[in-house]
>>> print(open('my_file-v8.cif').read())   # mmCIF, C-alpha atoms; chains and numbers go by the auth columns
data_run
#
loop_
_atom_site.group_PDB
_atom_site.id
_atom_site.type_symbol
_atom_site.label_atom_id
_atom_site.label_comp_id
_atom_site.label_asym_id
_atom_site.label_seq_id
_atom_site.Cartn_x
_atom_site.Cartn_y
_atom_site.Cartn_z
_atom_site.B_iso_or_equiv
_atom_site.auth_seq_id
_atom_site.auth_asym_id
ATOM 1 C CA MET A 1 32.102 -34.969 58.377 0.00 1 W
ATOM 2 C CA VAL A 2 35.626 -33.609 58.769 0.00 2 W
ATOM 3 C CA ASN A 3 38.555 -35.172 56.990 0.00 3 W
ATOM 4 C CA PRO A 4 41.307 -36.163 59.377 0.00 4 W
ATOM 5 C CA GLY A 5 44.236 -33.825 59.419 0.00 5 W
ATOM 6 C CA TYR A 6 42.167 -30.831 58.357 0.00 6 W
ATOM 7 C CA ARG A 7 40.379 -30.207 61.597 0.00 7 W
ATOM 8 C CA HIS A 8 41.403 -26.556 61.719 0.00 8 W
ATOM 9 C CA PHE A 9 40.262 -25.741 58.182 0.00 9 W
ATOM 10 C CA LYS A 10 36.653 -24.817 57.706 0.00 10 W
ATOM 11 C CA GLY A 11 34.987 -27.043 55.115 0.00 11 W
ATOM 12 C CA GLU A 12 31.915 -26.363 53.021 0.00 12 W
ATOM 13 C CA ASP A 13 29.616 -28.177 50.601 0.00 13 W
ATOM 14 C CA TRP A 14 30.137 -27.241 46.975 0.00 14 W
ATOM 15 C CA VAL A 15 27.854 -28.206 44.080 0.00 15 W
ATOM 16 C CA ASP A 16 29.216 -28.083 40.539 0.00 16 W
ATOM 17 C CA PRO A 17 26.329 -27.397 38.135 0.00 17 W
ATOM 18 C CA THR A 18 28.253 -27.978 34.883 0.00 18 W
ATOM 19 C CA PRO A 19 26.907 -31.019 33.023 0.00 19 W
ATOM 20 C CA PRO A 20 29.259 -33.722 31.720 0.00 20 W
ATOM 21 C CA PRO A 21 30.974 -32.904 28.385 0.00 21 W
ATOM 22 C CA ALA A 22 28.968 -33.531 25.226 0.00 22 W
ATOM 23 C CA SER A 23 31.716 -35.741 23.794 0.00 23 W
ATOM 24 C CA LEU A 24 30.842 -38.541 26.239 0.00 24 W
ATOM 25 C CA PRO A 25 27.941 -40.887 25.378 0.00 25 W
ATOM 26 C CA ALA A 26 24.831 -40.101 27.406 0.00 26 W
ATOM 27 C CA VAL A 27 23.831 -42.543 30.132 0.00 27 W
ATOM 28 C CA GLU A 28 20.902 -42.462 32.544 0.00 28 W
ATOM 29 C CA GLU A 29 21.651 -42.683 36.253 0.00 29 W
ATOM 30 C CA VAL A 30 20.119 -45.242 38.582 0.00 30 W
ATOM 31 C CA GLY A 31 17.237 -43.558 40.380 0.00 31 W
ATOM 32 C CA SER A 32 16.578 -46.066 43.156 0.00 32 W
ATOM 33 C CA THR A 33 17.401 -45.227 46.720 0.00 33 W
ATOM 34 C CA ARG A 34 19.070 -47.608 49.132 0.00 34 W
ATOM 35 C CA ALA A 35 16.142 -49.830 50.158 0.00 35 W
ATOM 36 C CA PRO A 36 15.103 -50.845 46.615 0.00 36 W
ATOM 37 C CA LEU A 37 18.757 -51.296 45.685 0.00 37 W
ATOM 38 C CA ASN A 38 19.338 -53.568 48.677 0.00 38 W
ATOM 39 C CA SER A 39 16.242 -55.534 47.768 0.00 39 W
ATOM 40 C CA ALA A 40 17.403 -56.039 44.168 0.00 40 W
ATOM 41 C CA SER A 41 21.070 -56.420 45.107 0.00 41 W
ATOM 42 C CA TYR A 42 21.416 -60.187 44.754 0.00 42 W
ATOM 43 C CA PHE A 43 19.715 -60.143 41.363 0.00 43 W
ATOM 44 C CA ILE A 44 21.819 -57.247 40.102 0.00 44 W
ATOM 45 C CA GLY A 45 24.838 -59.192 41.318 0.00 45 W
ATOM 46 C CA SER A 46 23.953 -62.391 39.516 0.00 46 W
ATOM 47 C CA VAL A 47 22.637 -60.897 36.267 0.00 47 W
ATOM 48 C CA CYS A 48 25.259 -58.156 35.845 0.00 48 W
ATOM 49 C CA SER A 49 28.232 -60.068 37.202 0.00 49 W
ATOM 50 C CA GLU A 50 30.464 -59.827 34.120 0.00 50 W
ATOM 51 C CA TYR A 51 30.032 -56.053 33.761 0.00 51 W
ATOM 52 C CA ASN A 52 30.660 -55.566 37.478 0.00 52 W
ATOM 53 C CA GLU A 53 33.793 -57.694 37.386 0.00 53 W
ATOM 54 C CA ASP A 54 35.073 -55.822 34.321 0.00 54 W
ATOM 55 C CA PHE A 55 34.596 -52.543 36.150 0.00 55 W
ATOM 56 C CA MET A 56 36.330 -53.738 39.285 0.00 56 W
ATOM 57 C CA LEU A 57 39.311 -55.082 37.343 0.00 57 W
ATOM 58 C CA CYS A 58 39.522 -51.855 35.365 0.00 58 W
ATOM 59 C CA LYS A 59 39.480 -49.802 38.575 0.00 59 W
ATOM 60 C CA ASN A 60 42.197 -52.050 39.913 0.00 60 W
ATOM 61 C CA GLU A 61 44.474 -50.873 37.115 0.00 61 W
ATOM 62 C CA SER A 62 44.038 -47.171 37.758 0.00 62 W
ATOM 63 C CA ARG A 63 41.952 -45.042 40.133 0.00 63 W
ATOM 64 C CA SER A 64 41.717 -42.150 37.667 0.00 64 W
ATOM 65 C CA PRO A 65 38.039 -41.312 36.939 0.00 65 W
ATOM 66 C CA GLU A 66 38.605 -41.139 33.177 0.00 66 W
ATOM 67 C CA HIS A 67 40.028 -44.636 32.917 0.00 67 W
ATOM 68 C CA CYS A 68 36.847 -46.630 33.528 0.00 68 W
ATOM 69 C CA LEU A 69 34.079 -44.519 32.047 0.00 69 W
ATOM 70 C CA LEU A 70 33.096 -47.153 29.457 0.00 70 W
ATOM 71 C CA GLU A 71 32.862 -50.006 31.953 0.00 71 W
ATOM 72 C CA GLY A 72 31.012 -47.715 34.362 0.00 72 W
ATOM 73 C CA ARG A 73 28.406 -46.926 31.731 0.00 73 W
ATOM 74 C CA LYS A 74 27.854 -50.638 31.139 0.00 74 W
ATOM 75 C CA VAL A 75 27.390 -51.263 34.865 0.00 75 W
ATOM 76 C CA THR A 76 24.860 -48.453 35.152 0.00 76 W
ATOM 77 C CA ARG A 77 22.884 -49.608 32.123 0.00 77 W
ATOM 78 C CA CYS A 78 22.781 -53.196 33.355 0.00 78 W
ATOM 79 C CA ALA A 79 21.558 -52.165 36.800 0.00 79 W
ATOM 80 C CA ILE A 80 18.864 -49.962 35.263 0.00 80 W
ATOM 81 C CA ASP A 81 17.818 -52.865 33.037 0.00 81 W
ATOM 82 C CA VAL A 82 17.491 -55.243 36.011 0.00 82 W
ATOM 83 C CA LEU A 83 15.439 -52.720 37.971 0.00 83 W
ATOM 84 C CA GLN A 84 13.156 -52.098 34.994 0.00 84 W
ATOM 85 C CA LYS A 85 12.531 -55.825 34.588 0.00 85 W
ATOM 86 C CA ILE A 86 11.727 -56.214 38.291 0.00 86 W
ATOM 87 C CA GLN A 87 9.338 -53.258 38.145 0.00 87 W
ATOM 88 C CA ALA A 88 7.621 -54.620 35.052 0.00 88 W
ATOM 89 C CA ASN A 89 7.064 -58.091 36.482 0.00 89 W
ATOM 90 C CA CYS A 90 6.862 -58.079 40.270 0.00 90 W
ATOM 91 C CA ARG A 91 6.271 -54.509 41.311 0.00 91 W
ATOM 92 C CA ASP A 92 3.996 -55.111 44.333 0.00 92 W
ATOM 93 C CA GLN A 93 6.134 -57.808 45.931 0.00 93 W
ATOM 94 C CA PHE A 94 9.242 -55.693 45.274 0.00 94 W
ATOM 95 C CA ARG A 95 7.607 -52.696 46.970 0.00 95 W
ATOM 96 C CA ALA A 96 6.486 -54.791 49.944 0.00 96 W
ATOM 97 C CA HIS A 97 9.987 -56.158 50.401 0.00 97 W
ATOM 98 C CA TRP A 98 11.853 -52.877 50.222 0.00 98 W
ATOM 99 C CA GLN A 99 9.368 -51.117 52.447 0.00 99 W
ATOM 100 C CA CYS A 100 9.908 -53.847 55.021 0.00 100 W
ATOM 101 C CA LEU A 101 13.689 -53.438 54.672 0.00 101 W
ATOM 102 C CA ASP A 102 13.371 -49.680 55.084 0.00 102 W
ATOM 103 C CA ALA A 103 11.436 -50.131 58.320 0.00 103 W
ATOM 104 C CA ASN A 104 13.970 -52.591 59.733 0.00 104 W
ATOM 105 C CA ASN A 105 17.374 -50.971 59.298 0.00 105 W
ATOM 106 C CA GLN A 106 17.975 -52.781 55.964 0.00 106 W
ATOM 107 C CA GLU A 107 18.221 -56.155 57.721 0.00 107 W
ATOM 108 C CA PHE A 108 17.273 -59.100 55.536 0.00 108 W
ATOM 109 C CA ALA A 109 16.720 -61.335 58.557 0.00 109 W
ATOM 110 C CA GLN A 110 13.688 -59.308 59.652 0.00 110 W
ATOM 111 C CA CYS A 111 11.950 -59.510 56.296 0.00 111 W
ATOM 112 C CA ARG A 112 11.926 -63.180 55.326 0.00 112 W
ATOM 113 C CA ALA A 113 8.156 -63.424 54.665 0.00 113 W
ATOM 114 C CA PRO A 114 7.954 -60.654 52.012 0.00 114 W
ATOM 115 C CA GLU A 115 11.231 -61.933 50.615 0.00 115 W
ATOM 116 C CA LYS A 116 9.813 -65.410 49.998 0.00 116 W
ATOM 117 C CA THR A 117 6.885 -64.117 47.938 0.00 117 W
ATOM 118 C CA TYR A 118 9.228 -61.743 46.114 0.00 118 W
ATOM 119 C CA ASN A 119 11.732 -64.492 45.235 0.00 119 W
ATOM 120 C CA ARG A 120 8.956 -66.832 44.091 0.00 120 W
ATOM 121 C CA CYS A 121 7.429 -64.132 41.910 0.00 121 W
ATOM 122 C CA LEU A 122 10.771 -63.311 40.294 0.00 122 W
ATOM 123 C CA PHE A 123 11.569 -66.978 39.696 0.00 123 W
ATOM 124 C CA ALA A 124 8.164 -67.545 38.092 0.00 124 W
ATOM 125 C CA ALA A 125 8.336 -64.448 35.896 0.00 125 W
ATOM 126 C CA LEU A 126 12.030 -64.254 34.944 0.00 126 W
ATOM 127 C CA GLY A 127 13.702 -67.442 36.130 0.00 127 W
ATOM 128 C CA TRP A 128 16.053 -65.583 38.469 0.00 128 W
ATOM 129 C CA LYS A 129 17.112 -67.312 41.654 0.00 129 W
ATOM 130 C CA LYS A 130 18.713 -65.523 44.564 0.00 130 W
ATOM 131 C CA ALA A 131 22.135 -67.039 45.165 0.00 131 W
ATOM 132 C CA ILE A 132 24.608 -66.104 47.877 0.00 132 W
ATOM 133 C CA PRO A 133 28.134 -66.467 46.437 0.00 133 W
ATOM 134 C CA ASP A 134 30.312 -69.099 48.141 0.00 134 W
ATOM 135 C CA ALA A 135 27.420 -70.508 50.149 0.00 135 W
ATOM 136 C CA PRO A 136 27.822 -74.195 51.109 0.00 136 W
ATOM 137 C CA ALA A 137 25.659 -76.277 48.831 0.00 137 W
ATOM 138 C CA ASP A 138 24.607 -78.912 51.367 0.00 138 W
ATOM 139 C CA ARG A 139 22.811 -76.608 53.792 0.00 139 W
ATOM 140 C CA SER A 140 19.207 -75.572 53.277 0.00 140 W
ATOM 141 C CA LEU A 141 18.620 -71.951 52.329 0.00 141 W
ATOM 142 C CA VAL A 142 16.992 -69.722 54.925 0.00 142 W
ATOM 143 C CA TYR A 143 15.268 -67.530 52.366 0.00 143 W
ATOM 144 C CA GLU A 144 13.595 -70.343 50.407 0.00 144 W
ATOM 145 C CA MET B 1 -2.740 -45.612 110.581 0.00 145 N
ATOM 146 C CA PRO B 2 -3.926 -43.688 107.469 0.00 146 N
ATOM 147 C CA PHE B 3 -1.876 -43.997 104.303 0.00 147 N
ATOM 148 C CA PRO B 4 0.756 -41.187 104.010 0.00 148 N
ATOM 149 C CA PHE B 5 -0.239 -39.746 100.679 0.00 149 N
ATOM 150 C CA GLU B 6 2.482 -37.084 100.874 0.00 150 N
ATOM 151 C CA SER B 7 5.129 -39.705 100.206 0.00 151 N
ATOM 152 C CA VAL B 8 3.511 -40.732 96.940 0.00 152 N
ATOM 153 C CA ILE B 9 3.832 -37.244 95.430 0.00 153 N
ATOM 154 C CA PRO B 10 7.619 -37.400 94.750 0.00 154 N
ATOM 155 C CA PHE B 11 7.204 -40.838 93.159 0.00 155 N
ATOM 156 C CA GLY B 12 4.450 -39.410 91.010 0.00 156 N
ATOM 157 C CA ILE B 13 6.680 -36.519 89.945 0.00 157 N
ATOM 158 C CA MET B 14 9.514 -38.893 89.068 0.00 158 N
ATOM 159 C CA SER B 15 7.223 -41.137 87.001 0.00 159 N
ATOM 160 C CA VAL B 16 5.841 -38.135 85.145 0.00 160 N
ATOM 161 C CA MET B 17 9.408 -37.030 84.379 0.00 161 N
ATOM 162 C CA PHE B 18 10.296 -40.467 83.006 0.00 162 N
ATOM 163 C CA VAL B 19 7.173 -40.515 80.834 0.00 163 N
ATOM 164 C CA ALA B 20 7.886 -36.993 79.597 0.00 164 N
ATOM 165 C CA THR B 21 11.468 -37.946 78.681 0.00 165 N
ATOM 166 C CA GLY B 22 10.309 -41.027 76.804 0.00 166 N
ATOM 167 C CA ALA B 23 7.623 -39.114 74.950 0.00 167 N
ATOM 168 C CA GLY B 24 10.064 -36.346 74.040 0.00 168 N
ATOM 169 C CA ILE B 25 12.607 -38.811 72.673 0.00 169 N
ATOM 170 C CA GLN B 26 9.911 -40.603 70.645 0.00 170 N
ATOM 171 C CA TYR B 27 8.716 -37.289 69.204 0.00 171 N
ATOM 172 C CA ALA B 28 12.244 -36.153 68.283 0.00 172 N
ATOM 173 C CA GLN B 29 13.090 -39.480 66.617 0.00 173 N
ATOM 174 C CA ASN B 30 9.813 -39.512 64.708 0.00 174 N
ATOM 175 C CA LYS B 31 10.406 -36.010 63.393 0.00 175 N
ATOM 176 C CA ARG B 32 13.944 -36.855 62.342 0.00 176 N
ATOM 177 C CA ASN B 33 13.063 -40.128 60.604 0.00 177 N
ATOM 178 C CA GLU B 34 9.673 -39.222 59.085 0.00 178 N
ATOM 179 C CA GLY B 35 7.704 -41.740 61.087 0.00 179 N
ATOM 180 C CA LYS B 36 10.104 -44.658 60.608 0.00 180 N
ATOM 181 C CA ARG B 37 12.238 -46.228 63.281 0.00 181 N
ATOM 182 C CA PRO B 38 15.739 -44.763 63.496 0.00 182 N
ATOM 183 C CA CYS B 39 18.611 -46.560 61.743 0.00 183 N
ATOM 184 C CA TYR B 40 21.433 -47.801 63.904 0.00 184 N
ATOM 185 C CA SER B 41 24.951 -49.125 63.415 0.00 185 N
ATOM 186 C CA LEU B 42 25.455 -46.910 60.401 0.00 186 N
ATOM 187 C CA ASP B 43 28.859 -47.156 58.800 0.00 187 N
ATOM 188 C CA ASP B 44 30.403 -44.870 56.216 0.00 188 N
ATOM 189 C CA TRP B 45 28.721 -46.735 53.337 0.00 189 N
ATOM 190 C CA ASP B 46 25.288 -46.241 54.900 0.00 190 N
ATOM 191 C CA ARG B 47 25.890 -42.560 55.563 0.00 191 N
ATOM 192 C CA LYS B 48 27.035 -41.937 52.015 0.00 192 N
ATOM 193 C CA MET B 49 24.027 -43.865 50.660 0.00 193 N
ATOM 194 C CA MET B 50 21.747 -41.705 52.798 0.00 194 N
ATOM 195 C CA ASP B 51 23.408 -38.614 51.332 0.00 195 N
ATOM 196 C CA ARG B 52 22.675 -40.034 47.886 0.00 196 N
ATOM 197 C CA ASP B 53 19.066 -40.631 48.921 0.00 197 N
ATOM 198 C CA GLN B 54 18.855 -37.022 49.996 0.00 198 N
ATOM 199 C CA ARG B 55 20.092 -35.925 46.583 0.00 199 N
ATOM 200 C CA LEU B 56 17.457 -38.131 44.936 0.00 200 N
ATOM 201 C CA THR B 57 14.411 -37.497 47.104 0.00 201 N
ATOM 202 C CA GLY B 58 15.150 -34.456 49.247 0.00 202 N
ATOM 203 C CA THR B 59 15.118 -36.132 52.670 0.00 203 N
ATOM 204 C CA LEU B 60 17.451 -38.556 54.392 0.00 204 N
ATOM 205 C CA ARG B 61 14.832 -41.306 54.824 0.00 205 N
ATOM 206 C CA GLY B 62 12.757 -40.764 51.704 0.00 206 N
ATOM 207 C CA GLN B 63 12.808 -43.679 49.265 0.00 207 N
ATOM 208 C CA ALA B 64 12.077 -43.876 45.547 0.00 208 N
ATOM 209 C CA ASP B 65 12.193 -46.884 43.273 0.00 209 N
ATOM 210 C CA ASP B 66 12.222 -45.535 39.702 0.00 210 N
ATOM 211 C CA PRO B 67 14.988 -47.217 37.716 0.00 211 N
ATOM 212 C CA ILE B 68 15.999 -43.975 36.001 0.00 212 N
ATOM 213 C CA ALA B 69 16.936 -40.895 37.995 0.00 213 N
ATOM 214 C CA PRO B 70 15.514 -37.428 37.284 0.00 214 N
ATOM 215 C CA PRO B 71 17.865 -35.256 35.187 0.00 215 N
ATOM 216 C CA GLU B 72 18.677 -32.988 38.153 0.00 216 N
ATOM 217 C CA PHE B 73 20.450 -35.902 39.771 0.00 217 N
ATOM 218 C CA LYS B 74 23.302 -35.745 37.258 0.00 218 N
ATOM 219 C CA VAL B 75 24.435 -32.276 38.330 0.00 219 N
ATOM 220 C CA ASN B 76 23.682 -32.060 42.036 0.00 220 N
ATOM 221 C CA SER B 77 26.665 -33.950 43.428 0.00 221 N
ATOM 222 C CA VAL B 78 28.174 -32.387 46.526 0.00 222 N
ATOM 223 C CA TRP B 79 31.891 -32.139 47.073 0.00 223 N
ATOM 224 C CA LYS B 80 33.259 -31.288 50.506 0.00 224 N
ATOM 225 C CA VAL B 81 35.888 -28.653 49.874 0.00 225 N
ATOM 226 C CA TYR B 82 37.910 -26.323 51.993 0.00 226 N
ATOM 227 C CA GLU B 83 38.044 -22.630 51.211 0.00 227 N
ATOM 228 C CA SER B 84 41.711 -22.722 50.348 0.00 228 N
ATOM 229 C CA LEU B 85 41.053 -25.399 47.737 0.00 229 N
ATOM 230 C CA ARG B 86 38.196 -23.532 46.109 0.00 230 N
ATOM 231 C CA ASN B 87 39.702 -20.088 46.066 0.00 231 N
ATOM 232 C CA GLY B 88 43.259 -20.876 45.117 0.00 232 N
#
>>> encode(input="my_file-v8.cif", output="structure tokens")
Amino acid sequence: MVNPGYRHFKGEDWVDPTPPPASLPAVEEVGSTRAPLNSASYFIGSVCSEYNEDFMLCKNESRSPEHCLLEGRKVTRCAIDVLQKIQANCRDQFRAHWQCLDANNQEFAQCRAPEKTYNRCLFAALGWKKAIPDAPADRSLVYE
Amino acid sequence: MPFPFESVIPFGIMSVMFVATGAGIQYAQNKRNEGKRPCYSLDDWDRKMMDRDQRLTGTLRGQADDPIAPPEFKVNSVWKVYESLRNG
């Protein structure tokens, strides 16, 4: 991928192997790829909403990477926590749903059947309901 | 009048060419996507997520669902730089 305006300059991929400085608190990174993250996205959004909003407002103040390290750590830890809870409670339905998403270009509309069992399992085990923000309340939900 | 079989040969050649093209495209797409159907309508978000997947699993379509990433993931980020930036 070439950045616009630099078409005549040869670009290359560069990996920086230095670890983050020891003065920063250690945080684990989220290890899920895009299909499991898409599958858990609505639950991460509802459970971690305050940390996510804090991070977005902090980024709004300044785009410097150092400014929002604390809020970023909270977001990462919350997402890891949600994924661990899903794995502990509903691992098979979760796997079925994200494998279906992976086979269908990450489209939720193609995977309603695994999604129903997955949502029911999560609601029974953890009480989490999938909620689309700003959805009209009088219409019936297609994923129920 | 007997059936002119010579006229069927070009049609046969054309059909074989179509079949060969289709089979070749299927084979190439399978190799590229590890047996899954190809993704379409990818925007910049999807491409960058696939790059992240490659850093996590080694291939563009490989998936993993562990909550915590392996420790190599912290230090294998790729920056796209230009030689003038890196050397001076």
>>> closest_residue(input="my_file-v8.cif", among="W:Glu53, W:Ser62, W:Leu70, W:Trp98", to="chain N", atoms="only C-alpha atoms")
W:Trp98
>>> interface_residues(input="my_file-v8.cif", of="chain W", to="chain N", cutoff="9 Å", atoms="only C-alpha atoms", output="MDAnalysis selection string")
chainID W and resid 1:2 6 9:20 28:37 79:84 87 95 99 102:106
>>> atom_distance(input="my_file-v8.cif", atom1="CA of Lys129 in chain W", atom2="CA of Ser49 in chain W")
14.0 Å
>>> closest_residue(input="my_file-v8.cif", among="N:Thr203, N:Gly156, N:Lys192, N:Phe162", to="Glu178 in chain N", atoms="only C-alpha atoms")
N:Thr203
>>> residues_around(input="my_file-v8.cif", residues="Gly127 in chain W", least_positions_apart="2", cutoff="12 Å", atoms="only C-alpha atoms", output="list of chain:residue names")
W:Phe43, W:Ser46, W:Val47, W:Lys85, W:Ile86, W:Asn89, W:Asn119, W:Arg120, W:Cys121, W:Leu122, W:Phe123, W:Ala124, W:Ala125, W:Lys129, W:Lys130
>>> atom_distance(input="my_file-v8.cif", atom1="CA of Arg112 in chain W", atom2="CA of Tyr143 in chain W")
6.2 Å
>>> resolve_selection(input="my_file-v8.cif", expression="the PyMOL selection byres ((chain W and resi 141) around 12)", output="JSON, numbers by chain")
{"W": [112, 116, 129, 130, 131, 132, 135, 136, 137, 138, 139, 140, 142, 143, 144]}
>>> atom_distance(input="my_file-v8.cif", atom1="CA of Arg77 in chain W", atom2="CA of Ile44 in chain W")
11.1 Å
>>> residues_around(input="my_file-v8.cif", residues="Gly72 in chain W", least_positions_apart="2", cutoff="10 Å", atoms="only C-alpha atoms", output="list in words")
Val27, Tyr51, Asn52, Asp54, Phe55, Met56, Cys58, Lys59, Pro65, His67, Cys68, Leu69, Leu70, Lys74, Val75, Thr76, Arg77 and Cys78 of chain W
>>> closest_residue(input="my_file-v8.cif", among="N:Lys175, N:Met145, N:Ile169, N:Ile153", to="Leu204 in chain N", atoms="all atoms listed in the file")
N:Lys175
